[in-house]
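These notes are about the structure you will find just below.
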Amino acid sequence: MQKIEVTGGVALEGDVRISGAKNAVLPILCATLLADEPVTIGNVPHLHDVVTTTRVLAGLGAGVTHDSDGSHIVVDPRSVDSHVAPYELVRTMRASVLVLGPLVARYGAAEVSLPGGCAIGSRPVDLHIRALEALGAEIVVEHGFIKANAGRLRGGNVAFDMVSVGATENVLMAATLAHGTTVIDNAAREPEIVDLAVCLRAMGADIEGEGTSRIVVRGVERLHGAHHDVVADRIEAGTFLVAAAMTGGRVTATNARADTMDAVLAKLAEAGADIGIDGDRICVDMRGRRPRAVDIITAPHPAFPTDMQAQFMAMDCIAEGVATIDETIFENRFMHVNELMRLGAEIHIEGHRATVTGVERLSGAPVMATDLRASASLILAGLVADGETLIDRIYHLDRGYEHIERKLSGLGARIRRID
Ligand code: EPZ
């Protein structure tokens, strides 16, 4: 079991290149199943979840090839000969459920294992199922599988009771090949959905309204091949910029998309950071200053992203003042709290609200990662704690951050991976 050891006390300085977004490349890989020609995807991050998704596609019979440095993937869906996404793959990555919509739309059949919950919540898929049923799919859930059948899907009206990124993506993909027009109301507005729509349009889909809460899709007969470069990862960028603010340094995220990060950048400015934006470069300068505590309320985009909640909690742990953090999206996304308290943080939880009282110093200790973004918050805390922090179960980290210790070392952090 690999661990990461961080020695605190270094103010980070320098540039860090942001990779393609995990939460965009995963649905885009699934969308290749809709085409009848190969699709090339660029700016692909080297992540474990990407490997898992390519395994799911290969398991369906698709041809998957990588170029030498792995930053491009070509998926050839013409050899797809199965419509079953097996439990052993889906349980390791719930985003595999995103093959459901494309398989039903393209082949009229799909069997996808129920993804099951994870550390941050039960993560049901009822909204995915109801949305696809609105397009005419017949879906039963039995023996741990979602079994869907359809002739050709027909356009329909989908009005989500609550905003769901994955359910919006599944029905958006399915609607591209349905017969007729689909209107999706209360759609998720995340930048990763916009990127998916841009890729689908390049493949010949007829979509408008992505990025707003109403998306209209006019079904077409087929989707052809395309080349799409994945949008920059706003959560990875946010994570490194919070690291700059916490350590009192100055870091520039390059190859980034500031226009997808308004809520995060506003909170960093509120914490006292000087922020400079120049094209695809975002600079956060907090040299010689301690962050001020900032209140956080997570909510669907364009509000503050739940995937940045743990990272800002780490910053509030050493900030000046008291902050409240309300997690409104997932029912159990405070798993990092106990571990941060082992480092000396003062946090009180009441329901979905954590109250954080900033302390002058944290002290390094062995801690355990529980989920992807919790792992990141523990590394951030380790960067400012006295002495060594040893983080266990870092396989969570490798699912969503490309070579994080290499990128942080490049900014001067004392961090290393040990077996
Ligand atoms: C996506 O998950 C992201 N994952 C998550 O990022 C992110 O935290 C989340 O969106 C919210 O932004 C990917 O894109 C691969 P949801 P998703 O459906 O689609 C409930 C990370 O760290 N819900 O928007 O699963 C659900 O339980 C990951 O990169 C239902 O009740 O999120 C949650 O409470 C973590 N029924 C809320 O909706 C459903 O059918 C929002 O979930 C679907 C969701």
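In the structure tokens, chains take letters A, B, ... by order of appearance, with residues numbered from 1 within each chain and ligands from 1 in the order shown.
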Residue neighbourhood Gly344 of chain A, 6 Å, only C-alpha atoms, exclusion window fewer than 2 positions, as number ranges by chain: A: 341-342, 362
Ligand 1 neighbours within 9 Å using only C-alpha atoms and all ligand atoms, as JSON, numbers by chain: {"A": [22, 23, 24, 25, 26, 27, 49, 93, 94, 95, 96, 98, 117, 120, 121, 122, 123, 124, 125, 126, 127, 128, 129, 130, 162, 163, 164, 165, 166, 167, 168, 169, 188, 190, 192, 193, 235, 299, 300, 301, 305, 306, 307, 308, 328, 329, 330, 331, 371, 372, 373, 374, 399, 400]}
Limited to N, CA and C atoms, could you put the picked residues into a file as a short mmCIF file (atom, residue, chain, number, x, y, z; two decimals), in the first residue's frame?
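Produced file part_10.cif, reproduced below:
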data_model
loop_
_atom_site.label_atom_id
_atom_site.label_comp_id
_atom_site.auth_asym_id
_atom_site.auth_seq_id
_atom_site.Cartn_x
_atom_site.Cartn_y
_atom_site.Cartn_z
N LYS A 22 -11.06 15.37 -15.18
CA LYS A 22 -11.55 14.00 -14.96
C LYS A 22 -13.05 13.92 -15.23
N ASN A 23 -13.79 14.88 -14.71
CA ASN A 23 -15.26 14.78 -14.79
C ASN A 23 -15.81 15.19 -16.14
N ALA A 24 -14.90 15.55 -17.06
CA ALA A 24 -15.31 15.76 -18.47
C ALA A 24 -14.89 14.55 -19.31
N VAL A 25 -13.68 14.06 -19.09
CA VAL A 25 -13.17 12.98 -19.96
C VAL A 25 -13.96 11.69 -19.74
N LEU A 26 -14.47 11.46 -18.52
CA LEU A 26 -15.21 10.21 -18.26
C LEU A 26 -16.50 10.16 -19.08
N PRO A 27 -17.39 11.18 -19.02
CA PRO A 27 -18.58 11.10 -19.88
C PRO A 27 -18.25 11.14 -21.36
N ASP A 49 -9.15 6.52 -12.99
CA ASP A 49 -10.54 6.44 -13.48
C ASP A 49 -10.60 6.41 -15.01
N MET A 93 -15.82 2.27 -10.00
CA MET A 93 -15.98 3.64 -10.47
C MET A 93 -17.42 3.85 -10.92
N ARG A 94 -18.18 4.56 -10.13
CA ARG A 94 -19.61 4.69 -10.38
C ARG A 94 -19.90 5.45 -11.67
N ALA A 95 -18.92 6.21 -12.17
CA ALA A 95 -19.17 6.95 -13.42
C ALA A 95 -19.37 6.00 -14.60
N SER A 96 -19.10 4.70 -14.38
CA SER A 96 -19.35 3.72 -15.46
C SER A 96 -20.82 3.71 -15.84
N LEU A 98 -22.43 5.89 -16.81
CA LEU A 98 -22.61 6.79 -17.95
C LEU A 98 -22.56 6.07 -19.29
N GLY A 117 -22.90 2.58 -3.48
CA GLY A 117 -22.54 3.86 -2.87
C GLY A 117 -21.03 4.02 -2.81
N ILE A 120 -18.80 9.00 0.15
CA ILE A 120 -19.44 10.31 0.39
C ILE A 120 -20.96 10.22 0.36
N GLY A 121 -21.49 9.02 0.00
CA GLY A 121 -22.95 8.97 0.03
C GLY A 121 -23.49 7.76 -0.70
N SER A 122 -24.81 7.59 -0.64
CA SER A 122 -25.42 6.39 -1.24
C SER A 122 -25.39 6.47 -2.76
N ARG A 123 -25.38 7.65 -3.28
CA ARG A 123 -25.21 7.89 -4.72
C ARG A 123 -26.22 7.11 -5.57
N PRO A 124 -27.52 7.29 -5.36
CA PRO A 124 -28.51 6.55 -6.17
C PRO A 124 -28.47 6.98 -7.63
N VAL A 125 -29.13 6.22 -8.48
CA VAL A 125 -29.19 6.54 -9.91
C VAL A 125 -30.63 6.61 -10.40
N ASP A 126 -31.55 6.88 -9.47
CA ASP A 126 -32.98 6.94 -9.84
C ASP A 126 -33.26 8.02 -10.88
N LEU A 127 -32.55 9.14 -10.78
CA LEU A 127 -32.80 10.23 -11.74
C LEU A 127 -32.34 9.84 -13.14
N HIS A 128 -31.25 9.06 -13.22
CA HIS A 128 -30.79 8.57 -14.54
C HIS A 128 -31.88 7.70 -15.16
N ILE A 129 -32.41 6.80 -14.36
CA ILE A 129 -33.38 5.81 -14.86
C ILE A 129 -34.66 6.51 -15.31
N ARG A 130 -35.18 7.40 -14.47
CA ARG A 130 -36.44 8.08 -14.82
C ARG A 130 -36.27 8.91 -16.07
N MET A 162 -34.20 17.29 -8.95
CA MET A 162 -33.00 17.92 -8.36
C MET A 162 -31.89 17.88 -9.41
N VAL A 163 -30.96 18.78 -9.26
CA VAL A 163 -29.88 18.87 -10.25
C VAL A 163 -28.95 17.68 -10.09
N SER A 164 -28.69 16.98 -11.19
CA SER A 164 -27.76 15.84 -11.16
C SER A 164 -26.84 15.92 -12.37
N VAL A 165 -25.55 16.00 -12.12
CA VAL A 165 -24.57 16.05 -13.22
C VAL A 165 -24.66 14.78 -14.05
N GLY A 166 -24.55 13.63 -13.42
CA GLY A 166 -24.53 12.36 -14.16
C GLY A 166 -25.81 12.08 -14.89
N ALA A 167 -26.94 12.36 -14.25
CA ALA A 167 -28.23 12.08 -14.91
C ALA A 167 -28.42 13.01 -16.11
N THR A 168 -27.98 14.26 -15.97
CA THR A 168 -28.05 15.19 -17.10
C THR A 168 -27.20 14.67 -18.25
N GLU A 169 -26.01 14.17 -17.93
CA GLU A 169 -25.10 13.66 -18.97
C GLU A 169 -25.67 12.42 -19.64
N ALA A 188 -28.16 20.12 -15.07
CA ALA A 188 -26.94 20.59 -14.40
C ALA A 188 -26.20 21.51 -15.38
N GLU A 190 -22.78 22.37 -15.01
CA GLU A 190 -21.33 22.27 -14.83
C GLU A 190 -20.57 22.43 -16.14
N GLU A 192 -18.25 20.74 -17.23
CA GLU A 192 -17.98 19.43 -17.82
C GLU A 192 -19.14 19.00 -18.71
N ILE A 193 -20.34 19.48 -18.41
CA ILE A 193 -21.48 19.17 -19.28
C ILE A 193 -21.38 19.99 -20.56
N ILE A 235 -11.15 21.65 -10.83
CA ILE A 235 -10.99 21.20 -9.44
C ILE A 235 -9.51 20.99 -9.15
N ALA A 299 -23.13 24.03 -3.71
CA ALA A 299 -24.39 23.96 -4.47
C ALA A 299 -24.03 23.72 -5.94
N PRO A 300 -25.00 23.36 -6.77
CA PRO A 300 -24.70 23.12 -8.19
C PRO A 300 -24.09 24.34 -8.86
N HIS A 301 -23.29 24.10 -9.89
CA HIS A 301 -22.66 25.18 -10.67
C HIS A 301 -23.75 26.13 -11.19
N PRO A 305 -18.47 24.70 -5.83
CA PRO A 305 -18.50 23.25 -6.10
C PRO A 305 -18.22 22.39 -4.88
N THR A 306 -19.02 21.35 -4.70
CA THR A 306 -18.80 20.42 -3.59
C THR A 306 -17.41 19.78 -3.68
N ASP A 307 -16.88 19.65 -4.89
CA ASP A 307 -15.56 19.01 -5.04
C ASP A 307 -14.42 19.88 -4.54
N MET A 308 -14.73 21.12 -4.13
CA MET A 308 -13.70 21.99 -3.55
C MET A 308 -13.93 22.21 -2.07
N THR A 328 -24.24 20.80 0.95
CA THR A 328 -25.67 20.58 0.62
C THR A 328 -25.86 19.50 -0.44
N ILE A 329 -24.77 19.02 -1.06
CA ILE A 329 -24.92 18.08 -2.17
C ILE A 329 -24.89 16.62 -1.72
N PHE A 330 -23.87 16.26 -0.95
CA PHE A 330 -23.73 14.86 -0.52
C PHE A 330 -23.97 14.74 0.97
N GLU A 331 -24.54 13.59 1.36
CA GLU A 331 -24.95 13.44 2.77
C GLU A 331 -23.80 13.07 3.69
N ASP A 371 -11.67 9.45 0.57
CA ASP A 371 -12.24 9.65 -0.77
C ASP A 371 -11.35 10.63 -1.50
N LEU A 372 -11.63 10.83 -2.76
CA LEU A 372 -10.71 11.58 -3.61
C LEU A 372 -10.38 12.97 -3.10
N ARG A 373 -11.36 13.78 -2.83
CA ARG A 373 -11.08 15.18 -2.49
C ARG A 373 -10.65 15.29 -1.02
N ALA A 374 -11.07 14.35 -0.20
CA ALA A 374 -10.59 14.32 1.20
C ALA A 374 -9.08 14.10 1.20
N ARG A 399 -7.05 8.41 -8.37
CA ARG A 399 -8.22 8.34 -9.25
C ARG A 399 -8.47 9.68 -9.93
N GLY A 400 -8.07 10.78 -9.23
CA GLY A 400 -8.49 12.08 -9.77
C GLY A 400 -7.42 13.12 -9.92
#
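Candidate residues A:Ala35, A:Ala21, A:Val75, A:Ala310 were compared for distance to Asp195 of chain A, and the nearest is A:Ala21, using only C-alpha atoms.
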Restricting the calculation to only C-alpha atoms: of A:Asn338, A:Thr212, A:Asn186, A:Ser377, which residue gets closest to Gly238 of chain A?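 Checking each of A:Asn338, A:Thr212, A:Asn186, A:Ser377 against Gly238 of chain A, counting only C-alpha atoms, the winner is A:Ser377.
Put simply, atom CA of Ala354 of chain A is 11.1 Å away from atom CA of Cys317 of chain A.
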Any idea what's packed within 8 Å of segment 294-297 of chain A, counting only C-alpha atoms, ignoring anything in its chain fewer than 2 positions away? Could you give it as a list of chain:residue names? A:Lys267, A:Glu270, A:Ala271, A:Arg292, A:Ala299, A:Phe304, A:Gln309, A:Phe312, A:Asp316, A:Val322, A:Ala323, A:Thr324, A:Ile325, A:Asp326, A:Glu327, A:Thr328
Could you tell me, as an NGL selection string, which residues of segment 315-357 of chain A DSSP assigns to strand (DSSP E) when given the backbone? :A and (322-326 or 346-350 or 353-357)
List as a PDB file with N, CA, C and O atoms, in the first residue's frame the protein and nucleic acid residues near Glu88 of chain A, meaning an atom at most 12 Å away when only C-alpha atoms are counted, but skip any in the same chain fewer than 2 places from it.
ATOM      1  N   THR A  52      -9.906   2.835 -15.906  1.00  0.00           N
ATOM      2  CA  THR A  52     -11.089   2.008 -15.633  1.00  0.00           C
ATOM      3  C   THR A  52     -12.134   2.180 -16.729  1.00  0.00           C
ATOM      4  O   THR A  52     -12.710   1.211 -17.218  1.00  0.00           O
ATOM      5  N   ARG A  55     -11.274   0.420 -19.794  1.00  0.00           N
ATOM      6  CA  ARG A  55     -11.490  -1.028 -19.617  1.00  0.00           C
ATOM      7  C   ARG A  55     -12.967  -1.374 -19.826  1.00  0.00           C
ATOM      8  O   ARG A  55     -13.312  -2.402 -20.412  1.00  0.00           O
ATOM      9  N   VAL A  56     -13.839  -0.492 -19.346  1.00  0.00           N
ATOM     10  CA  VAL A  56     -15.275  -0.739 -19.542  1.00  0.00           C
ATOM     11  C   VAL A  56     -15.588  -0.726 -21.042  1.00  0.00           C
ATOM     12  O   VAL A  56     -16.263  -1.616 -21.566  1.00  0.00           O
ATOM     13  N   GLY A  59     -14.305  -3.736 -22.641  1.00  0.00           N
ATOM     14  CA  GLY A  59     -15.155  -4.874 -22.246  1.00  0.00           C
ATOM     15  C   GLY A  59     -16.422  -4.958 -23.086  1.00  0.00           C
ATOM     16  O   GLY A  59     -16.995  -6.034 -23.284  1.00  0.00           O
ATOM     17  N   VAL A  84     -23.079  -5.104 -21.830  1.00  0.00           N
ATOM     18  CA  VAL A  84     -23.062  -5.364 -20.383  1.00  0.00           C
ATOM     19  C   VAL A  84     -21.827  -4.732 -19.760  1.00  0.00           C
ATOM     20  O   VAL A  84     -20.697  -5.022 -20.151  1.00  0.00           O
ATOM     21  N   ALA A  85     -22.083  -3.850 -18.786  1.00  0.00           N
ATOM     22  CA  ALA A  85     -20.960  -3.268 -18.018  1.00  0.00           C
ATOM     23  C   ALA A  85     -20.911  -4.001 -16.689  1.00  0.00           C
ATOM     24  O   ALA A  85     -21.835  -3.861 -15.885  1.00  0.00           O
ATOM     25  N   PRO A  86     -19.855  -4.791 -16.457  1.00  0.00           N
ATOM     26  CA  PRO A  86     -19.840  -5.726 -15.324  1.00  0.00           C
ATOM     27  C   PRO A  86     -19.611  -5.075 -13.974  1.00  0.00           C
ATOM     28  O   PRO A  86     -19.018  -4.000 -13.869  1.00  0.00           O
ATOM     29  N   VAL A  90     -17.767  -1.598 -12.588  1.00  0.00           N
ATOM     30  CA  VAL A  90     -18.650  -0.489 -12.212  1.00  0.00           C
ATOM     31  C   VAL A  90     -18.494  -0.162 -10.731  1.00  0.00           C
ATOM     32  O   VAL A  90     -18.517   1.000 -10.329  1.00  0.00           O
ATOM     33  N   ARG A  91     -18.276  -1.210  -9.899  1.00  0.00           N
ATOM     34  CA  ARG A  91     -18.209  -0.933  -8.446  1.00  0.00           C
ATOM     35  C   ARG A  91     -16.973  -0.119  -8.104  1.00  0.00           C
ATOM     36  O   ARG A  91     -16.927   0.596  -7.114  1.00  0.00           O
ATOM     37  N   THR A  92     -15.941  -0.201  -8.967  1.00  0.00           N
ATOM     38  CA  THR A  92     -14.733   0.581  -8.640  1.00  0.00           C
ATOM     39  C   THR A  92     -14.873   2.030  -9.108  1.00  0.00           C
ATOM     40  O   THR A  92     -14.101   2.887  -8.702  1.00  0.00           O
ATOM     41  N   MET A  93     -15.819   2.267 -10.004  1.00  0.00           N
ATOM     42  CA  MET A  93     -15.983   3.641 -10.470  1.00  0.00           C
ATOM     43  C   MET A  93     -17.425   3.850 -10.918  1.00  0.00           C
ATOM     44  O   MET A  93     -17.835   3.388 -11.996  1.00  0.00           O
ATOM     45  N   ARG A  94     -18.180   4.560 -10.131  1.00  0.00           N
ATOM     46  CA  ARG A  94     -19.613   4.691 -10.384  1.00  0.00           C
ATOM     47  C   ARG A  94     -19.904   5.448 -11.670  1.00  0.00           C
ATOM     48  O   ARG A  94     -20.985   5.337 -12.243  1.00  0.00           O
ATOM     49  N   SER A  96     -19.100   4.697 -14.377  1.00  0.00           N
ATOM     50  CA  SER A  96     -19.348   3.716 -15.459  1.00  0.00           C
ATOM     51  C   SER A  96     -20.823   3.707 -15.841  1.00  0.00           C
ATOM     52  O   SER A  96     -21.184   3.309 -16.948  1.00  0.00           O
ATOM     53  N   VAL A 112     -26.190  -2.539 -16.991  1.00  0.00           N
ATOM     54  CA  VAL A 112     -25.118  -1.884 -16.251  1.00  0.00           C
ATOM     55  C   VAL A 112     -25.289  -2.182 -14.771  1.00  0.00           C
ATOM     56  O   VAL A 112     -26.382  -1.976 -14.229  1.00  0.00           O
ATOM     57  N   SER A 113     -24.247  -2.667 -14.154  1.00  0.00           N
ATOM     58  CA  SER A 113     -24.346  -2.972 -12.728  1.00  0.00           C
ATOM     59  C   SER A 113     -24.708  -1.712 -11.952  1.00  0.00           C
ATOM     60  O   SER A 113     -24.251  -0.608 -12.282  1.00  0.00           O
ATOM     61  N   LEU A 114     -25.545  -1.879 -10.928  1.00  0.00           N
ATOM     62  CA  LEU A 114     -25.825  -0.741 -10.044  1.00  0.00           C
ATOM     63  C   LEU A 114     -24.495  -0.320  -9.424  1.00  0.00           C
ATOM     64  O   LEU A 114     -23.748  -1.173  -8.928  1.00  0.00           O
ATOM     65  N   PRO A 115     -24.169   0.967  -9.465  1.00  0.00           N
ATOM     66  CA  PRO A 115     -22.830   1.363  -9.026  1.00  0.00           C
ATOM     67  C   PRO A 115     -22.603   1.210  -7.532  1.00  0.00           C
ATOM     68  O   PRO A 115     -21.485   1.068  -7.070  1.00  0.00           O
ATOM     69  N   GLY A 116     -23.677   1.234  -6.752  1.00  0.00           N
ATOM     70  CA  GLY A 116     -23.456   1.152  -5.313  1.00  0.00           C
ATOM     71  C   GLY A 116     -22.989   2.493  -4.779  1.00  0.00           C
ATOM     72  O   GLY A 116     -22.688   3.410  -5.529  1.00  0.00           O
ATOM     73  N   GLY A 144     -29.047  -6.586  -8.958  1.00  0.00           N
ATOM     74  CA  GLY A 144     -27.911  -5.657  -8.915  1.00  0.00           C
ATOM     75  C   GLY A 144     -27.570  -5.038 -10.249  1.00  0.00           C
ATOM     76  O   GLY A 144     -26.542  -4.375 -10.381  1.00  0.00           O
TER      77      GLY A 144
END
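Note that the spacing between atom CA of Asp15 of chain A and atom CA of Arg287 of chain A amounts to 15.0 Å.
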Do a neighbour search on Gly70 of chain A at 10 Å with only C-alpha atoms, toss out local chain neighbours closer than 5 positions, and write the hits as a list in words.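 Selected residues are Gly42, Asn43, Val44, Pro45, His46 and Thr65 of chain A.
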Got a sec: who's within 7 Å of Gly219 of chain A, counting only C-alpha atoms, leaving out chain neighbours fewer than 4 positions off, as a short mmCIF file (atom, residue, chain, number, x, y, z; two decimals) with all heavy atoms, in the first residue's frame?
data_model
loop_
_atom_site.label_atom_id
_atom_site.label_comp_id
_atom_site.auth_asym_id
_atom_site.auth_seq_id
_atom_site.Cartn_x
_atom_site.Cartn_y
_atom_site.Cartn_z
N ALA A 175 -30.32 11.39 -25.80
CA ALA A 175 -31.24 12.21 -26.62
C ALA A 175 -30.66 12.53 -28.00
O ALA A 175 -31.40 12.78 -28.96
CB ALA A 175 -31.56 13.51 -25.89
N THR A 176 -29.32 12.48 -28.14
CA THR A 176 -28.73 12.87 -29.42
C THR A 176 -29.17 11.96 -30.56
O THR A 176 -29.20 12.37 -31.72
CB THR A 176 -27.19 12.84 -29.35
OG1 THR A 176 -26.76 11.50 -29.01
CG2 THR A 176 -26.66 13.84 -28.32
N LEU A 177 -29.50 10.70 -30.25
CA LEU A 177 -29.90 9.74 -31.31
C LEU A 177 -31.39 9.39 -31.22
O LEU A 177 -31.87 8.51 -31.96
CB LEU A 177 -29.07 8.45 -31.20
CG LEU A 177 -27.59 8.57 -31.55
CD1 LEU A 177 -26.89 7.21 -31.40
CD2 LEU A 177 -27.39 9.11 -32.97
N ALA A 178 -32.11 10.06 -30.31
CA ALA A 178 -33.56 9.76 -30.20
C ALA A 178 -34.28 10.34 -31.41
O ALA A 178 -33.77 11.25 -32.08
CB ALA A 178 -34.10 10.38 -28.90
N HIS A 179 -35.48 9.81 -31.67
CA HIS A 179 -36.27 10.33 -32.80
C HIS A 179 -37.10 11.51 -32.28
O HIS A 179 -37.99 11.32 -31.44
CB HIS A 179 -37.20 9.24 -33.34
CG HIS A 179 -38.04 9.70 -34.50
ND1 HIS A 179 -37.50 9.99 -35.74
CD2 HIS A 179 -39.36 9.98 -34.59
CE1 HIS A 179 -38.47 10.41 -36.55
NE2 HIS A 179 -39.62 10.40 -35.88
N GLY A 180 -36.76 12.72 -32.71
CA GLY A 180 -37.51 13.88 -32.23
C GLY A 180 -36.70 14.73 -31.27
O GLY A 180 -35.51 14.51 -31.08
N THR A 181 -37.40 15.67 -30.64
CA THR A 181 -36.74 16.67 -29.80
C THR A 181 -36.91 16.35 -28.32
O THR A 181 -37.99 15.94 -27.88
CB THR A 181 -37.34 18.07 -30.10
OG1 THR A 181 -37.07 18.37 -31.48
CG2 THR A 181 -36.71 19.15 -29.22
N ASP A 206 -27.19 17.71 -32.44
CA ASP A 206 -27.86 19.01 -32.56
C ASP A 206 -28.34 19.40 -31.17
O ASP A 206 -29.37 18.91 -30.69
CB ASP A 206 -29.07 18.88 -33.52
CG ASP A 206 -29.79 20.23 -33.69
OD1 ASP A 206 -29.52 21.15 -32.89
OD2 ASP A 206 -30.63 20.34 -34.61
#
So which one's closest to Cys30 of chain A, A:Gly101, A:Gly276, A:Gly156, A:Gly14? Using only C-alpha atoms, please. A:Gly101
In segment 213-272 of chain A, what's alpha helix (DSSP H) per DSSP? Answer as a ChimeraX atom specification? /A:234-247,262-270
